[in-house]
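> The following file, data-v8.txt, comprises compact mmCIF, C-alpha atoms:
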```
# COMPACT_ATOMS: atom_id res chain seq x y z
CA MET H 1 -6.55 11.77 -13.47
CA ASN H 2 -6.18 11.94 -9.69
CA ARG H 3 -2.90 11.74 -7.75
CA TYR H 4 -4.08 9.07 -5.30
CA CYS H 5 -4.54 5.82 -7.20
CA GLU H 6 -4.70 4.41 -10.68
CA LYS H 7 -6.17 1.04 -11.65
CA LEU H 8 -3.60 -1.26 -13.25
CA ASN H 9 -4.55 -3.70 -15.99
CA LEU H 10 -2.27 -6.56 -15.05
CA SER H 11 -2.71 -10.05 -16.45
CA SER H 12 -3.54 -12.78 -13.96
CA GLU H 13 -0.04 -14.23 -14.40
CA LEU H 14 1.38 -11.09 -12.71
CA ILE H 15 -0.77 -11.31 -9.57
CA PRO H 16 1.18 -12.49 -6.49
CA ASN H 17 0.02 -15.84 -5.13
CA ILE H 18 -0.53 -15.07 -1.45
CA ASP H 19 -2.31 -17.52 0.86
CA THR H 20 -3.85 -15.25 3.49
CA SER H 21 -5.08 -18.22 5.54
CA GLN H 22 -1.49 -18.75 6.77
CA TRP H 23 -1.81 -15.83 9.19
CA ASP H 24 -3.57 -15.84 12.53
CA THR H 25 -5.58 -12.62 12.74
CA GLU H 26 -7.67 -13.37 15.81
CA GLY H 27 -7.76 -10.30 18.06
CA TYR H 28 -5.59 -8.17 15.77
CA ASN H 29 -6.49 -4.72 14.45
CA TRP H 30 -4.77 -2.85 11.60
CA ALA H 31 -2.01 -1.36 13.77
CA GLN H 32 -1.18 -4.71 15.40
CA PHE H 33 -0.94 -6.88 12.29
CA HIS H 34 2.01 -6.22 10.00
CA LYS H 35 4.04 -8.64 7.89
CA VAL H 36 7.14 -7.90 5.84
CA LEU H 37 7.69 -10.29 2.94
CA LYS H 38 10.67 -11.11 0.75
CA PRO H 39 10.18 -11.18 -3.05
CA HIS H 40 10.24 -15.00 -3.18
CA GLN H 41 7.26 -15.08 -0.77
CA LEU H 42 5.08 -13.55 -3.50
CA LYS H 43 5.36 -16.91 -5.25
CA ASN H 44 5.40 -15.16 -8.60
CA ASP H 45 8.73 -14.68 -10.35
CA LYS H 46 6.90 -13.19 -13.36
CA PHE H 47 5.82 -10.22 -11.24
CA ILE H 48 9.41 -9.61 -10.08
CA GLU H 49 10.62 -9.84 -13.68
CA PHE H 50 7.84 -7.45 -14.74
CA LEU H 51 9.14 -4.84 -12.27
CA LYS H 52 12.71 -5.35 -13.50
CA SER H 53 11.59 -4.89 -17.12
CA LEU H 54 10.38 -1.42 -16.10
CA GLY H 55 13.63 -0.58 -14.28
CA MET H 56 12.06 -1.11 -10.86
CA CYS H 57 12.33 -3.40 -7.88
CA SER H 58 10.94 -3.50 -4.37
CA ARG H 59 12.96 -3.33 -1.21
CA TRP H 60 9.86 -3.23 0.98
CA ILE H 61 6.89 -5.60 0.58
CA GLU H 62 4.23 -5.53 3.29
CA VAL H 63 0.95 -7.19 4.16
CA PHE H 64 -1.66 -5.27 6.16
CA TYR H 65 -4.87 -6.59 7.67
CA THR H 66 -8.09 -4.69 8.32
CA PRO H 67 -10.65 -6.71 10.29
CA PRO H 68 -14.33 -6.72 9.33
CA VAL H 69 -16.12 -3.43 10.09
CA GLN H 70 -12.92 -1.61 11.06
CA ASP H 71 -10.63 1.07 9.66
CA GLY H 72 -6.87 1.43 9.51
CA VAL H 73 -4.82 4.27 10.96
CA ILE H 74 -4.71 7.50 8.93
CA HIS H 75 -1.06 7.92 7.97
CA SER H 76 1.48 9.00 5.37
CA ASP H 77 4.39 6.64 4.68
CA ASN H 78 6.87 9.52 5.09
CA THR H 79 7.04 12.84 6.93
CA ASP H 80 7.56 15.07 3.87
CA TYR H 81 4.45 14.13 1.86
CA LEU H 82 6.72 12.77 -0.88
CA ASP H 83 4.64 10.97 -3.51
CA TRP H 84 5.98 7.48 -2.76
CA THR H 85 4.25 4.78 -4.76
CA LYS H 86 3.25 1.19 -4.20
CA ILE H 87 1.55 -1.44 -6.29
CA TYR H 88 -1.44 -2.55 -4.23
CA PHE H 89 -3.18 -5.93 -4.27
CA GLN H 90 -6.25 -6.56 -2.12
CA TYR H 91 -7.46 -9.96 -0.95
CA GLY H 92 -11.02 -10.29 0.37
CA ALA H 93 -13.56 -7.70 1.53
CA VAL H 94 -14.81 -6.56 -1.87
CA GLY H 95 -16.54 -3.25 -1.24
CA SER H 96 -13.93 -1.98 1.19
CA THR H 97 -11.97 1.12 0.21
CA MET H 98 -8.83 3.12 0.65
CA ARG H 99 -9.34 6.71 1.74
CA TRP H 100 -7.02 9.68 1.25
CA TRP H 101 -7.19 12.53 3.73
CA GLU H 102 -6.14 16.10 4.51
CA SER H 103 -5.34 17.29 8.00
CA ASP H 104 -3.65 20.27 9.61
CA LYS H 105 -3.09 18.24 12.77
CA VAL H 106 -0.55 15.51 12.10
CA MET H 107 1.93 13.86 14.42
CA GLU H 108 5.25 12.28 13.57
CA TYR H 109 5.43 8.68 14.68
CA ARG H 110 8.49 6.43 14.69
CA THR H 111 7.79 3.02 13.10
CA ASP H 112 11.19 1.40 12.87
CA THR H 113 12.27 -1.08 15.46
CA LYS H 114 15.80 -1.66 14.16
CA LYS H 115 18.45 0.64 12.70
CA ASP H 116 18.06 -0.94 9.25
CA ASP H 117 14.25 -0.75 9.13
CA TYR H 118 13.08 0.72 5.81
CA HIS H 119 10.54 3.15 7.19
CA GLY H 120 11.63 5.30 10.09
CA GLN H 121 9.04 7.97 10.63
CA VAL H 122 5.52 8.47 9.31
CA LEU H 123 2.78 11.03 9.82
CA ILE H 124 -0.48 10.06 11.50
CA ALA H 125 -3.74 11.93 12.02
CA GLU H 126 -6.89 11.35 14.00
CA GLU H 127 -10.14 10.98 12.05
CA GLU H 128 -11.81 13.86 13.91
CA ASP H 129 -8.96 16.14 12.73
CA ALA H 130 -9.03 15.00 9.09
CA THR H 131 -11.20 15.30 5.98
CA ILE H 132 -11.60 12.63 3.29
CA ILE H 133 -10.47 14.01 -0.08
CA TYR H 134 -10.71 10.81 -2.15
CA GLU H 135 -12.00 7.26 -1.70
CA LYS H 136 -11.74 4.23 -3.97
CA ASP H 137 -12.51 0.50 -3.97
CA LEU H 138 -9.17 -1.18 -4.69
CA SER H 139 -10.35 -4.76 -5.11
CA THR H 140 -8.33 -4.90 -8.35
CA PRO H 141 -4.59 -4.08 -8.62
CA HIS H 142 -3.79 -0.37 -8.35
CA LEU H 143 -0.87 1.99 -8.22
CA VAL H 144 -1.29 3.98 -4.99
CA ASN H 145 0.26 7.18 -3.66
CA VAL H 146 1.24 6.58 -0.04
CA GLY H 147 2.86 9.96 0.54
CA THR H 148 -0.58 11.49 1.06
CA LEU H 149 -2.43 10.69 4.28
CA HIS H 150 -4.41 7.50 3.67
CA SER H 151 -6.17 4.66 5.47
CA SER H 152 -8.12 1.48 4.86
CA HIS H 153 -11.88 1.27 5.38
CA ASN H 154 -13.53 -2.13 5.71
CA PRO H 155 -17.31 -1.92 6.20
CA THR H 156 -17.74 -5.55 5.11
CA LYS H 157 -18.04 -8.73 7.19
CA GLU H 158 -14.92 -10.18 5.55
CA LYS H 159 -11.25 -9.97 6.43
CA ARG H 160 -9.32 -7.52 4.26
CA PHE H 161 -5.67 -8.12 3.42
CA ALA H 162 -3.58 -5.69 1.39
CA LEU H 163 -0.27 -6.62 -0.16
CA THR H 164 1.76 -3.49 -0.94
CA VAL H 165 4.89 -3.49 -3.07
CA ALA H 166 6.90 -0.29 -2.57
CA LEU H 167 8.44 0.81 -5.86
CA SER H 168 12.13 1.65 -6.08
CA ASP H 169 14.33 2.38 -9.05
CA ILE H 170 16.54 -0.60 -9.77
CA ASN H 171 19.54 1.70 -9.23
CA GLY H 172 18.25 3.06 -5.89
CA GLY H 173 15.76 5.61 -4.60
CA ARG H 174 11.98 5.53 -4.31
CA VAL H 175 9.90 5.84 -7.48
CA LEU H 176 7.59 8.85 -7.14
CA TRP H 177 4.05 9.18 -8.53
CA ASP H 178 4.71 10.87 -11.91
CA ASP H 179 7.64 8.56 -12.67
CA ALA H 180 5.59 5.48 -11.71
CA LEU H 181 2.74 6.59 -13.99
CA SER H 182 5.20 7.01 -16.84
CA ARG H 183 6.83 3.61 -16.31
CA LEU H 184 3.45 1.87 -15.99
CA SER H 185 1.75 3.82 -18.80
CA ASP H 186 1.04 0.66 -20.83
CA TYR H 187 -0.81 -0.90 -17.89
CA TYR H 188 -3.56 1.60 -17.02
CA ASP H 189 -6.38 3.30 -18.90
CA LYS H 190 -5.16 6.75 -19.93
```
Any chance you could give the structure as structure tokens?

Amino acid sequence: MNRYCEKLNLSSELIPNIDTSQWDTEGYNWAQFHKVLKPHQLKNDKFIEFLKSLGMCSRWIEVFYTPPVQDGVIHSDNTDYLDWTKIYFQYGAVGSTMRWWESDKVMEYRTDTKKDDYHGQVLIAEEEDATIIYEKDLSTPHLVNVGTLHSSHNPTKEKRFALTVALSDINGGRVLWDDALSRLSDYYDK
């Protein structure tokens, strides 16, 4: 088993009901398009209840867009390479991938725009200074490790949207990779 992603076997009733046509993407690249959603915007209370049944919730739900034949920015969601986890749903662009990277040349980048923003600082790397260590098509739901440098890769002619649900313990604190695997053990192929 790798430490980057794990396919989740979720029933169709647990898949968020997102209408990606609601967003204007004309002229946007990955770094320019970013949406933060509230749980009710997933239009799937069963998914929220599913997380609660596992002692988890999400305080940070995001939608990212990768245009046709483009890549996202190589980044880690934190500056300490902590194994933060998200449940990842992809819409469109079957055949696109997520890549995980290594790099000795990273830069800290401030992402928050308000004092109460959930992120704060992330690490970013340039492609010429990084090496791909793992790559996977995530067209089905997956658990993903976003503490490792990662990016989207869309070689297709379709728009690629990714809905990411950051996992937190219901009592506070981010759920890390090993804990997430344990809590979701009934929902992936061991």
> Distance CA of Thr148 (chain H)-CA of Trp100 (chain H), one decimal place?
6.7 Å
> Could you name the residues that touch Asn145 (chain H) at 6 Å or less, counting all atoms listed in the file, but leaving out those on the same chain fewer than 6 positions away, as a PyMOL selection string?
chain H and resi 4+83-85
> Hey, can you pull every residue with an atom no more than 10 Å from (-14.6, -8.7, 3.2), using all atoms listed in the file, and send it as a list of chain:residue names?
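Here the neighbourhood of the point contains H:Thr66, H:Pro67, H:Pro68, H:Val69, H:Tyr91, H:Gly92, H:Ala93, H:Val94, H:Gly95, H:Ser96, H:Asn154, H:Pro155, H:Thr156, H:Lys157, H:Glu158, H:Lys159, H:Arg160, H:Phe161.
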> For the residues selected in the previous step, produce a file with C-alpha atoms as a PDB file, in the coordinates of the input.

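The file below, out-v5.pdb, is the result:
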```
ATOM      1  CA  THR H  66      -8.090  -4.690   8.320  1.00  0.00           C
ATOM      2  CA  PRO H  67     -10.650  -6.710  10.290  1.00  0.00           C
ATOM      3  CA  PRO H  68     -14.330  -6.720   9.330  1.00  0.00           C
ATOM      4  CA  VAL H  69     -16.120  -3.430  10.090  1.00  0.00           C
ATOM      5  CA  TYR H  91      -7.460  -9.960  -0.950  1.00  0.00           C
ATOM      6  CA  GLY H  92     -11.020 -10.290   0.370  1.00  0.00           C
ATOM      7  CA  ALA H  93     -13.560  -7.700   1.530  1.00  0.00           C
ATOM      8  CA  VAL H  94     -14.810  -6.560  -1.870  1.00  0.00           C
ATOM      9  CA  GLY H  95     -16.540  -3.250  -1.240  1.00  0.00           C
ATOM     10  CA  SER H  96     -13.930  -1.980   1.190  1.00  0.00           C
ATOM     11  CA  ASN H 154     -13.530  -2.130   5.710  1.00  0.00           C
ATOM     12  CA  PRO H 155     -17.310  -1.920   6.200  1.00  0.00           C
ATOM     13  CA  THR H 156     -17.740  -5.550   5.110  1.00  0.00           C
ATOM     14  CA  LYS H 157     -18.040  -8.730   7.190  1.00  0.00           C
ATOM     15  CA  GLU H 158     -14.920 -10.180   5.550  1.00  0.00           C
ATOM     16  CA  LYS H 159     -11.250  -9.970   6.430  1.00  0.00           C
ATOM     17  CA  ARG H 160      -9.320  -7.520   4.260  1.00  0.00           C
ATOM     18  CA  PHE H 161      -5.670  -8.120   3.420  1.00  0.00           C
TER      19      PHE H 161
END
```
> Could you check the closest approach to Gln90 (chain H) for each of H:Val73, H:Leu138, H:Val122, H:Ala180 and tell me which residue wins, using all atoms listed in the file?
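Checking each candidate against Gln90 (chain H), we get H:Leu138 as the closest.
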> Can you list, as a list in words, every protein, DNA or RNA residue that comes within 10 Å of Tyr134 (chain H) when you count all atoms listed in the file, leaving out same-chain residues fewer than 4 positions away?
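The residues satisfying every condition are Asn2, Arg3, Tyr4, Cys5, Met98, Arg99, Trp100, Trp101, Glu102 and His150 of chain H.
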> Between CA of Asp137 (chain H) and CA of Tyr65 (chain H), what is the spacing in Å?
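Rounded to one decimal, the two atoms are 15.6 Å apart.
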> I'd like the interatomic distance between CA of Ala166 (chain H) and CA of Trp60 (chain H), to a tenth of an Å.
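One can read the CA of Ala166 (chain H) to CA of Trp60 (chain H) distance as 5.5 Å.
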